[in-house]
Amino acid sequence: MSSETRTTLFADVIIPLAVPGTFTYRIPFVLNDQVAVGMRAIVQFGRKKIIAGVISRVHEEIPKSFSPKYILDLLDERPVVVEKQLQFWKWIKEYYLCNLGEVMQAAMPSALKLSSETMIQLSDQYTTDKHQLNENEFLIIEALELQPKITLSEVSKILGIQKVMPIIRNLIDRGLVITEEEVKEKYQQKKESVISLRKAFHNHSALQELMNQLEKRAYKQLELLLSYLSMAPLGGNVTEVSTAVLLKKANASHAQLKALVDKGIFTQSKKVISRLDQYTADLHPDDIELTPAQLLALDEIRTGITGKGVVLLHGITSSGKTELYIKLIHENLKQGKQVLYLLPEIALTTQIIQRLKRYFGESLGVYHSRYNMHERAEIWQKVLQYDVHDQESEHQLIIGPRSALFLPFQNLGLIIVDEEHDQSYKQYDPAPRYHARDAALVLARMHGAKVLLGSATPSFESYFNAKNGKFGLVNLMERFGGIELPEIEIVNLREEKKRNTMQSHFSRPLMEEMKTAIEHKEQVILFQNRRGFALRLECEACNWVPECRHCDVSLIYHKNQRLLRCHYCGFAMEVPAECPNCQSTALKMHGFGTEKVQEELQLLLPDARISRLDLDTTRSKFGFQQIIEAFEKHETDILTGTQMVTKGLDFDSVRIVGILNADNMLSYPDFRAHERSFQLMAQVAGRAGRKNKRGKVLIQTYQPRHPLLQDVIRNDYDAVYERLMTIRKEYHYPPFYRLILIKLKHRDQYKLNMAANDLALALRKDFGQQVLGPEFPMVSRIRNLYIKHILIKFDRRQHSGKIKALLSSKLSAFNANPDHKSLIIQLDVDPQ
């Protein structure tokens, strides 16, 4: 093709950084026929950085204000991001007021995001004279003489210090070393060594002759051959066996196997294998027998989904919602559709996977952040490669937390958002600060898919939409198997303390019920929504309380670690022997967390087997799974934990549930506090008596007549909804009004105050009384950054797009002021 007929193409590339917009690069002519939207391109960003971005648009529009750099290379033969994903990313960017690069950063697994790493190597001017080098420089040069290139992180390890750039710059200035940027593909397919028998021995006579020879000369090699044949018989479907498995089965050595390979009897090769768990189905969804109430609910769901596209299933705890999900999933899989099953927490996937894998086997895929980067990249590729016409396509059903929304679905038919009320669906930091439930509705609309929201205690926003006809509403108010809802008893802590019947933090009724349950081989769940041992340490002489050095919060005592720890930044210090303020040794612990509950309960019930379920005990990949499996197998009598124990867990033998301190939730200063308190208490109460026997819930409180507690006793969701919605309407809160929270952060409190006041003043010129603040939040300093909040409230009937466009322009003008350069501004649309 002549140069005159060649088309000059340009690509708009999304860079996975918190920078606005896309960046235009020129496409080399040699890549014209290969380039496509959704591919990853290697580009130079800035003076030196090499990074992989995603191509969002290919066009012929020549940039007028600058000369674009060339794309250096393409990483993919076919797109790794599909068109609908890019549409979804753009919607997230526009609705949640963030950058497209931030969406890409959140959406793609780290193995598919590449950026260059700075490498150092000896320069051509380097001579072997090391007398002019100090100790650190000597160590770097010595390492480079042994290895041609090393990374900055390797230099840091060699020297045992973090800040190595000053040393590197000094070596560069003296002409001893040079730097370069190098990009490495992170994702590597997993391969396994396999053995196969050469075709020359596939007929019985040749094989028999071989075996006769080996029997005379190398009997151990014959045993190895016989072991292979037992795993891969001639004429069978299996022709390759794992090298490791074969050696173990034959109890043979690598040398013996190598001898057979060298003789041309075996061939050894590498085979690509999956890193992911493989599931086998042993049940069929048609085997599930639904109750009349479930059958009616299923029909109503089908009708509602067909008519409105979105249905809210309001089903009380243990009503059998999961059985309905399985039926609907099966219907969609039969049609060749993909299904996304969202859960609020990684932790919840453990139990639900055990149930779903029995019905859907290899069609089931799991995606979450506890998987390593290679596992997540493999799931991404399997979802991307799904083919409706290929019967062997895996991962047609994906289960995962909010991040699973970003997978490259090809033919999405149904999204199930289980426990849709849960605030874990909201991403807080970093941006994009999206809500997975709301984003799922938009993703489904883009795919023409349906959405089923499920909860025993729906969010008020979803219930409002269902009541007003935007969503379909299906009620399932009957427990599966006719099991009664648990009996709920309010325990008045004031009375208990007057009578002196408290044992540590446990009232007499709760202690008696726990002892009875354990005697009858039944289990107990205790809920305390604070982790750690004691919430604060205080000097009884001068009231000194140890505080975090970097945040405006008191430190929480963790007895296992013997440390006072900040739950915001991780700062920790040892417990002082005396007060540093007045030197008194009268230091007293106040409050209690799950760690203290576990320890003191073990003293009161020494024969009970007690476990704890909170963030501290579930940090490892399988920590949650191990605790839950032990409880399911009745290896644990009492499970104490934070709100993790409230979330959709299903145990056969739990009869007693104790809520140790209801008042903390009720008194939290937030307009959603009572909604969330009801949800938490109703959810944790639902763990009691789920199978064979009516359970009992004991709620310890100093406010026994509180209206919300009476609603919990009656399980009266509608009463809570009606009462709180009246208040929200009067005071202009969601769902009647929308909120945009502007967080301003700075190391200098004075500069923060000045900037926050300037911004609020500028916003009031256009938004008037819709602007509230600036105000300090409850925790006004985190990680040495002072924080102020400005809140914008506007009627849901107003055009949110225009409001956001005006806000963005005001912020752009504000950021243009050099005085605000060091100010951090974060936007949170629909804060939770």
# chains A, B, ... in the order shown; residues from 1 in each chain; ligands from 1
>>> select_by_dssp(residues="stretch 503-745 of chain A", states="strand (DSSP E)", output="ChimeraX atom specification")
/A:523-527,536-539,556-558,563-565,572-574,587-590,610-613,638-641,654-659,696-701,737-745
>>> closest_atom_pairs(of="stretch 406-494 of chain A", to="stretch 635-655 of chain A", cutoff="10 Å", atoms="only C-alpha atoms", output="CSV")
residue,atom,partner,partner_atom,distance
A:Asp418,CA,A:Gly648,CA,8.9
A:Glu419,CA,A:Gly648,CA,7.4
A:Asp422,CA,A:Lys647,CA,8.6
A:Ser455,CA,A:Gly648,CA,9.4
A:Ala456,CA,A:Gly648,CA,9.6
A:Pro486,CA,A:Arg655,CA,8.6
>>> residues_around(residues="A:Leu139", least_positions_apart="3", cutoff="9 Å", atoms="only C-alpha atoms", output="PyMOL selection string")
chain A and resi 134-136+142-144+155+158-159
>>> write_last_selection(atoms="all heavy atoms", output="PDB file, in the first residue's frame")
ATOM      1  N   ASN A 134      30.570   5.931  48.921  1.00  0.00           N
ATOM      2  CA  ASN A 134      30.249   5.662  50.327  1.00  0.00           C
ATOM      3  C   ASN A 134      29.644   4.260  50.443  1.00  0.00           C
ATOM      4  O   ASN A 134      29.491   3.554  49.440  1.00  0.00           O
ATOM      5  CB  ASN A 134      29.321   6.735  50.919  1.00  0.00           C
ATOM      6  CG  ASN A 134      27.956   6.787  50.230  1.00  0.00           C
ATOM      7  OD1 ASN A 134      27.433   5.760  49.787  1.00  0.00           O
ATOM      8  ND2 ASN A 134      27.377   7.975  50.142  1.00  0.00           N
ATOM      9  N   GLU A 135      29.246   3.866  51.638  1.00  0.00           N
ATOM     10  CA  GLU A 135      28.814   2.486  51.865  1.00  0.00           C
ATOM     11  C   GLU A 135      27.578   2.115  51.037  1.00  0.00           C
ATOM     12  O   GLU A 135      27.536   1.063  50.395  1.00  0.00           O
ATOM     13  CB  GLU A 135      28.515   2.280  53.357  1.00  0.00           C
ATOM     14  CG  GLU A 135      28.151   0.832  53.695  1.00  0.00           C
ATOM     15  CD  GLU A 135      27.815   0.646  55.176  1.00  0.00           C
ATOM     16  OE1 GLU A 135      28.018   1.599  55.963  1.00  0.00           O
ATOM     17  OE2 GLU A 135      27.355  -0.447  55.536  1.00  0.00           O
ATOM     18  N   ASN A 136      26.548   2.995  51.015  1.00  0.00           N
ATOM     19  CA  ASN A 136      25.326   2.706  50.262  1.00  0.00           C
ATOM     20  C   ASN A 136      25.590   2.648  48.764  1.00  0.00           C
ATOM     21  O   ASN A 136      25.075   1.772  48.055  1.00  0.00           O
ATOM     22  CB  ASN A 136      24.252   3.755  50.566  1.00  0.00           C
ATOM     23  CG  ASN A 136      23.611   3.546  51.935  1.00  0.00           C
ATOM     24  OD1 ASN A 136      23.621   2.445  52.461  1.00  0.00           O
ATOM     25  ND2 ASN A 136      23.069   4.613  52.502  1.00  0.00           N
ATOM     26  N   GLU A 142      27.953  -2.719  43.554  1.00  0.00           N
ATOM     27  CA  GLU A 142      28.286  -4.142  43.675  1.00  0.00           C
ATOM     28  C   GLU A 142      27.133  -5.015  43.173  1.00  0.00           C
ATOM     29  O   GLU A 142      27.353  -6.000  42.460  1.00  0.00           O
ATOM     30  CB  GLU A 142      28.599  -4.468  45.133  1.00  0.00           C
ATOM     31  CG  GLU A 142      29.172  -5.864  45.335  1.00  0.00           C
ATOM     32  CD  GLU A 142      29.542  -6.122  46.790  1.00  0.00           C
ATOM     33  OE1 GLU A 142      28.689  -5.871  47.669  1.00  0.00           O
ATOM     34  OE2 GLU A 142      30.666  -6.561  47.041  1.00  0.00           O
ATOM     35  N   ALA A 143      25.906  -4.612  43.501  1.00  0.00           N
ATOM     36  CA  ALA A 143      24.730  -5.364  43.034  1.00  0.00           C
ATOM     37  C   ALA A 143      24.620  -5.303  41.511  1.00  0.00           C
ATOM     38  O   ALA A 143      24.281  -6.298  40.860  1.00  0.00           O
ATOM     39  CB  ALA A 143      23.468  -4.816  43.683  1.00  0.00           C
ATOM     40  N   LEU A 144      24.932  -4.131  40.921  1.00  0.00           N
ATOM     41  CA  LEU A 144      24.841  -3.973  39.468  1.00  0.00           C
ATOM     42  C   LEU A 144      25.947  -4.725  38.740  1.00  0.00           C
ATOM     43  O   LEU A 144      25.796  -5.081  37.562  1.00  0.00           O
ATOM     44  CB  LEU A 144      24.876  -2.486  39.096  1.00  0.00           C
ATOM     45  CG  LEU A 144      23.595  -1.699  39.416  1.00  0.00           C
ATOM     46  CD1 LEU A 144      23.814  -0.209  39.243  1.00  0.00           C
ATOM     47  CD2 LEU A 144      22.438  -2.177  38.539  1.00  0.00           C
ATOM     48  N   VAL A 155      16.712  -2.010  45.146  1.00  0.00           N
ATOM     49  CA  VAL A 155      17.721  -1.145  45.782  1.00  0.00           C
ATOM     50  C   VAL A 155      17.325  -0.876  47.233  1.00  0.00           C
ATOM     51  O   VAL A 155      18.154  -0.937  48.146  1.00  0.00           O
ATOM     52  CB  VAL A 155      17.857   0.188  45.013  1.00  0.00           C
ATOM     53  CG1 VAL A 155      18.771   1.160  45.781  1.00  0.00           C
ATOM     54  CG2 VAL A 155      18.415  -0.049  43.622  1.00  0.00           C
ATOM     55  N   ILE A 158      18.131  -3.850  49.332  1.00  0.00           N
ATOM     56  CA  ILE A 158      19.578  -4.015  49.511  1.00  0.00           C
ATOM     57  C   ILE A 158      20.102  -3.072  50.591  1.00  0.00           C
ATOM     58  O   ILE A 158      20.898  -3.452  51.454  1.00  0.00           O
ATOM     59  CB  ILE A 158      20.318  -3.754  48.171  1.00  0.00           C
ATOM     60  CG1 ILE A 158      20.006  -4.886  47.170  1.00  0.00           C
ATOM     61  CG2 ILE A 158      21.821  -3.640  48.390  1.00  0.00           C
ATOM     62  CD1 ILE A 158      20.412  -4.570  45.734  1.00  0.00           C
ATOM     63  N   LEU A 159      19.600  -1.822  50.563  1.00  0.00           N
ATOM     64  CA  LEU A 159      20.101  -0.814  51.509  1.00  0.00           C
ATOM     65  C   LEU A 159      19.344  -0.832  52.833  1.00  0.00           C
ATOM     66  O   LEU A 159      19.830  -0.277  53.825  1.00  0.00           O
ATOM     67  CB  LEU A 159      20.001   0.591  50.895  1.00  0.00           C
ATOM     68  CG  LEU A 159      20.739   0.817  49.563  1.00  0.00           C
ATOM     69  CD1 LEU A 159      20.634   2.277  49.138  1.00  0.00           C
ATOM     70  CD2 LEU A 159      22.206   0.408  49.663  1.00  0.00           C
TER      71      LEU A 159
END
>>> residues_around(residues="A:Gly448", least_positions_apart="6", cutoff="10 Å", atoms="only C-alpha atoms", output="PDB file with N, CA, C and O atoms, in the first residue's frame")
ATOM      1  N   GLY A 309     -38.790  -4.523  34.835  1.00  0.00           N
ATOM      2  CA  GLY A 309     -37.344  -4.729  34.698  1.00  0.00           C
ATOM      3  C   GLY A 309     -36.620  -4.881  36.013  1.00  0.00           C
ATOM      4  O   GLY A 309     -35.555  -5.478  36.067  1.00  0.00           O
ATOM      5  N   ASN A 411     -23.316 -11.194  27.534  1.00  0.00           N
ATOM      6  CA  ASN A 411     -24.739 -11.481  27.296  1.00  0.00           C
ATOM      7  C   ASN A 411     -25.455 -11.560  28.644  1.00  0.00           C
ATOM      8  O   ASN A 411     -26.032 -12.582  29.001  1.00  0.00           O
ATOM      9  N   LEU A 412     -25.416 -10.473  29.386  1.00  0.00           N
ATOM     10  CA  LEU A 412     -25.951 -10.447  30.748  1.00  0.00           C
ATOM     11  C   LEU A 412     -27.481 -10.470  30.717  1.00  0.00           C
ATOM     12  O   LEU A 412     -28.102  -9.656  30.041  1.00  0.00           O
ATOM     13  N   GLY A 413     -28.065 -11.419  31.466  1.00  0.00           N
ATOM     14  CA  GLY A 413     -29.521 -11.545  31.481  1.00  0.00           C
ATOM     15  C   GLY A 413     -30.162 -11.164  32.797  1.00  0.00           C
ATOM     16  O   GLY A 413     -31.317 -10.709  32.820  1.00  0.00           O
ATOM     17  N   LEU A 414     -29.444 -11.368  33.908  1.00  0.00           N
ATOM     18  CA  LEU A 414     -30.035 -11.141  35.229  1.00  0.00           C
ATOM     19  C   LEU A 414     -28.953 -10.702  36.208  1.00  0.00           C
ATOM     20  O   LEU A 414     -27.858 -11.264  36.222  1.00  0.00           O
ATOM     21  N   VAL A 442     -28.223   0.475  36.307  1.00  0.00           N
ATOM     22  CA  VAL A 442     -27.791   1.090  35.048  1.00  0.00           C
ATOM     23  C   VAL A 442     -27.118   0.060  34.152  1.00  0.00           C
ATOM     24  O   VAL A 442     -27.376   0.001  32.941  1.00  0.00           O
TER      25      VAL A 442
END
>>> residues_around(residues="A:Phe794", least_positions_apart="6", cutoff="7 Å", atoms="only C-alpha atoms", output="MDAnalysis selection string")
chainID A and resid 737:739 770
>>> write_last_selection(atoms="N, CA, C and O atoms", output="short mmCIF file (atom, residue, chain, number, x, y, z; two decimals), in the first residue's frame")
data_model
loop_
_atom_site.label_atom_id
_atom_site.label_comp_id
_atom_site.auth_asym_id
_atom_site.auth_seq_id
_atom_site.Cartn_x
_atom_site.Cartn_y
_atom_site.Cartn_z
N TYR A 737 -34.82 14.00 48.76
CA TYR A 737 -33.77 14.92 48.30
C TYR A 737 -32.51 14.11 48.02
O TYR A 737 -32.31 13.03 48.57
N ARG A 738 -31.69 14.65 47.14
CA ARG A 738 -30.39 14.04 46.85
C ARG A 738 -29.30 14.80 47.57
O ARG A 738 -29.43 16.00 47.81
N LEU A 739 -28.21 14.09 47.86
CA LEU A 739 -27.09 14.69 48.58
C LEU A 739 -25.80 14.55 47.78
O LEU A 739 -25.55 13.53 47.14
N GLN A 770 -29.35 25.55 49.55
CA GLN A 770 -29.09 24.12 49.35
C GLN A 770 -27.70 23.72 49.86
O GLN A 770 -27.40 22.54 49.96
#
>>> closest_residue(among="A:Pro818, A:Gly38, A:Pro458, A:Pro774", to="A:Gln683", atoms="only C-alpha atoms")
A:Pro458
>>> residues_around(residues="A:Gly593", least_positions_apart="6", cutoff="8 Å", atoms="only C-alpha atoms", output="list in words")
Gln528, Asn529, Arg530, Arg531, Gly532, Phe533, Ala534 and Leu535 of chain A
>>> atom_distance(atom1="atom CA of A:Val829", atom2="atom CA of A:His435")
9.2 Å
>>> atom_distance(atom1="atom CA of A:Ile803", atom2="atom CA of A:Pro432")
18.6 Å
>>> residues_around(residues="A:His558", least_positions_apart="4", cutoff="12 Å", atoms="only C-alpha atoms", output="number ranges by chain")
A: 530-537, 562-567, 572-575, 589, 592-596, 599, 616
>>> write_last_selection(atoms="N, CA, C and O atoms", output="mmCIF file, in the first residue's frame")
data_model
loop_
_atom_site.group_PDB
_atom_site.id
_atom_site.type_symbol
_atom_site.label_atom_id
_atom_site.label_comp_id
_atom_site.auth_asym_id
_atom_site.auth_seq_id
_atom_site.Cartn_x
_atom_site.Cartn_y
_atom_site.Cartn_z
ATOM 1 N N ARG A 530 -18.368 -3.489 67.888
ATOM 2 C CA ARG A 530 -17.060 -2.863 68.071
ATOM 3 C C ARG A 530 -16.025 -3.969 68.219
ATOM 4 O O ARG A 530 -16.218 -4.885 69.023
ATOM 5 N N ARG A 531 -14.942 -3.873 67.441
ATOM 6 C CA ARG A 531 -13.872 -4.851 67.621
ATOM 7 C C ARG A 531 -12.845 -4.309 68.604
ATOM 8 O O ARG A 531 -12.924 -3.161 69.040
ATOM 9 N N GLY A 532 -11.873 -5.124 68.939
ATOM 10 C CA GLY A 532 -10.883 -4.733 69.936
ATOM 11 C C GLY A 532 -11.291 -5.210 71.318
ATOM 12 O O GLY A 532 -12.288 -5.913 71.499
ATOM 13 N N PHE A 533 -10.497 -4.832 72.313
ATOM 14 C CA PHE A 533 -10.751 -5.271 73.687
ATOM 15 C C PHE A 533 -11.490 -4.180 74.468
ATOM 16 O O PHE A 533 -12.596 -4.389 74.957
ATOM 17 N N ALA A 534 -10.877 -3.010 74.572
ATOM 18 C CA ALA A 534 -11.523 -1.887 75.263
ATOM 19 C C ALA A 534 -11.515 -0.683 74.339
ATOM 20 O O ALA A 534 -10.551 -0.455 73.595
ATOM 21 N N LEU A 535 -12.601 0.102 74.372
ATOM 22 C CA LEU A 535 -12.737 1.207 73.439
ATOM 23 C C LEU A 535 -11.844 2.391 73.803
ATOM 24 O O LEU A 535 -11.518 3.205 72.944
ATOM 25 N N ARG A 536 -11.487 2.500 75.070
ATOM 26 C CA ARG A 536 -10.538 3.550 75.431
ATOM 27 C C ARG A 536 -9.898 3.245 76.789
ATOM 28 O O ARG A 536 -10.467 2.523 77.606
ATOM 29 N N LEU A 537 -8.718 3.814 76.971
ATOM 30 C CA LEU A 537 -7.998 3.760 78.246
ATOM 31 C C LEU A 537 -8.066 5.153 78.851
ATOM 32 O O LEU A 537 -7.928 6.152 78.141
ATOM 33 N N ARG A 562 -1.406 -6.674 72.548
ATOM 34 C CA ARG A 562 -0.884 -5.851 73.651
ATOM 35 C C ARG A 562 -0.543 -4.446 73.166
ATOM 36 O O ARG A 562 0.494 -3.878 73.499
ATOM 37 N N LEU A 563 -1.444 -3.906 72.354
ATOM 38 C CA LEU A 563 -1.214 -2.588 71.766
ATOM 39 C C LEU A 563 -2.464 -1.731 71.858
ATOM 40 O O LEU A 563 -3.596 -2.246 71.853
ATOM 41 N N LEU A 564 -2.267 -0.422 71.908
ATOM 42 C CA LEU A 564 -3.327 0.545 71.675
ATOM 43 C C LEU A 564 -3.251 0.915 70.202
ATOM 44 O O LEU A 564 -2.183 1.306 69.707
ATOM 45 N N ARG A 565 -4.358 0.771 69.482
ATOM 46 C CA ARG A 565 -4.307 0.896 68.020
ATOM 47 C C ARG A 565 -5.381 1.851 67.497
ATOM 48 O O ARG A 565 -6.502 1.892 68.019
ATOM 49 N N CYS A 566 -5.023 2.605 66.464
ATOM 50 C CA CYS A 566 -5.970 3.485 65.776
ATOM 51 C C CYS A 566 -6.620 2.705 64.639
ATOM 52 O O CYS A 566 -5.918 2.107 63.810
ATOM 53 N N HIS A 567 -7.952 2.708 64.590
ATOM 54 C CA HIS A 567 -8.663 1.980 63.541
ATOM 55 C C HIS A 567 -8.767 2.780 62.242
ATOM 56 O O HIS A 567 -9.327 2.281 61.264
ATOM 57 N N ALA A 572 -0.006 2.533 66.218
ATOM 58 C CA ALA A 572 -0.103 1.711 67.423
ATOM 59 C C ALA A 572 0.975 2.116 68.420
ATOM 60 O O ALA A 572 2.052 2.603 68.032
ATOM 61 N N MET A 573 0.681 1.931 69.709
ATOM 62 C CA MET A 573 1.654 2.176 70.767
ATOM 63 C C MET A 573 1.407 1.186 71.898
ATOM 64 O O MET A 573 0.328 0.613 72.023
ATOM 65 N N GLU A 574 2.438 0.966 72.681
ATOM 66 C CA GLU A 574 2.299 0.066 73.819
ATOM 67 C C GLU A 574 1.491 0.738 74.921
ATOM 68 O O GLU A 574 1.434 1.973 75.026
ATOM 69 N N VAL A 575 0.875 -0.078 75.763
ATOM 70 C CA VAL A 575 0.096 0.457 76.871
ATOM 71 C C VAL A 575 1.054 1.032 77.911
ATOM 72 O O VAL A 575 1.959 0.341 78.380
ATOM 73 N N MET A 589 -9.644 0.688 81.859
ATOM 74 C CA MET A 589 -10.250 0.410 80.558
ATOM 75 C C MET A 589 -11.751 0.745 80.607
ATOM 76 O O MET A 589 -12.439 0.405 81.563
ATOM 77 N N PHE A 592 -16.239 -1.932 75.738
ATOM 78 C CA PHE A 592 -15.812 -3.295 75.403
ATOM 79 C C PHE A 592 -16.061 -3.595 73.934
ATOM 80 O O PHE A 592 -17.022 -3.112 73.330
ATOM 81 N N GLY A 593 -15.152 -4.388 73.382
ATOM 82 C CA GLY A 593 -15.277 -4.843 72.000
ATOM 83 C C GLY A 593 -15.356 -6.357 71.956
ATOM 84 O O GLY A 593 -15.395 -7.037 72.988
ATOM 85 N N THR A 594 -15.348 -6.914 70.764
ATOM 86 C CA THR A 594 -15.534 -8.360 70.584
ATOM 87 C C THR A 594 -14.432 -9.171 71.255
ATOM 88 O O THR A 594 -14.671 -10.284 71.742
ATOM 89 N N GLU A 595 -13.220 -8.621 71.288
ATOM 90 C CA GLU A 595 -12.100 -9.354 71.899
ATOM 91 C C GLU A 595 -12.335 -9.542 73.404
ATOM 92 O O GLU A 595 -12.099 -10.615 73.963
ATOM 93 N N LYS A 596 -12.840 -8.489 74.049
ATOM 94 C CA LYS A 596 -13.118 -8.565 75.480
ATOM 95 C C LYS A 596 -14.306 -9.493 75.751
ATOM 96 O O LYS A 596 -14.316 -10.239 76.736
ATOM 97 N N GLU A 599 -12.975 -13.032 75.683
ATOM 98 C CA GLU A 599 -12.139 -13.396 76.833
ATOM 99 C C GLU A 599 -12.965 -13.557 78.112
ATOM 100 O O GLU A 599 -12.809 -14.533 78.854
ATOM 101 N N ASP A 616 -10.326 -8.443 62.626
ATOM 102 C CA ASP A 616 -9.029 -8.910 63.122
ATOM 103 C C ASP A 616 -8.819 -10.400 62.910
ATOM 104 O O ASP A 616 -7.689 -10.857 62.761
#
>>> atom_distance(atom1="atom CA of A:Met477", atom2="atom CA of A:Ala685")
15.4 Å
>>> select_by_dssp(residues="stretch 120-297 of chain A", states="alpha helix (DSSP H)", output="MDAnalysis selection string")
chainID A and resid 135:146 152:159 165:173 204:217 219:231 243:250 254:262 292:297
>>> closest_residue(among="A:Ala762, A:Ala586, A:Ala719, A:Glu489", to="A:Ile659", atoms="only C-alpha atoms")
A:Glu489
>>> closest_residue(among="A:Lys765, A:Arg549, A:His204, A:Lys793", to="A:Lys810", atoms="only C-alpha atoms")
A:Lys765
>>> closest_residue(among="A:Phe409, A:Gly236, A:Leu772, A:Asn560", to="A:Leu384", atoms="only C-alpha atoms")
A:Phe409
>>> closest_residue(among="A:Tyr733, A:Phe201, A:Phe266, A:Phe776", to="A:Arg796", atoms="only C-alpha atoms")
A:Tyr733
>>> closest_residue(among="A:Asn212, A:Ser318, A:Thr8, A:Asn237", to="A:Arg479", atoms="only C-alpha atoms")
A:Ser318
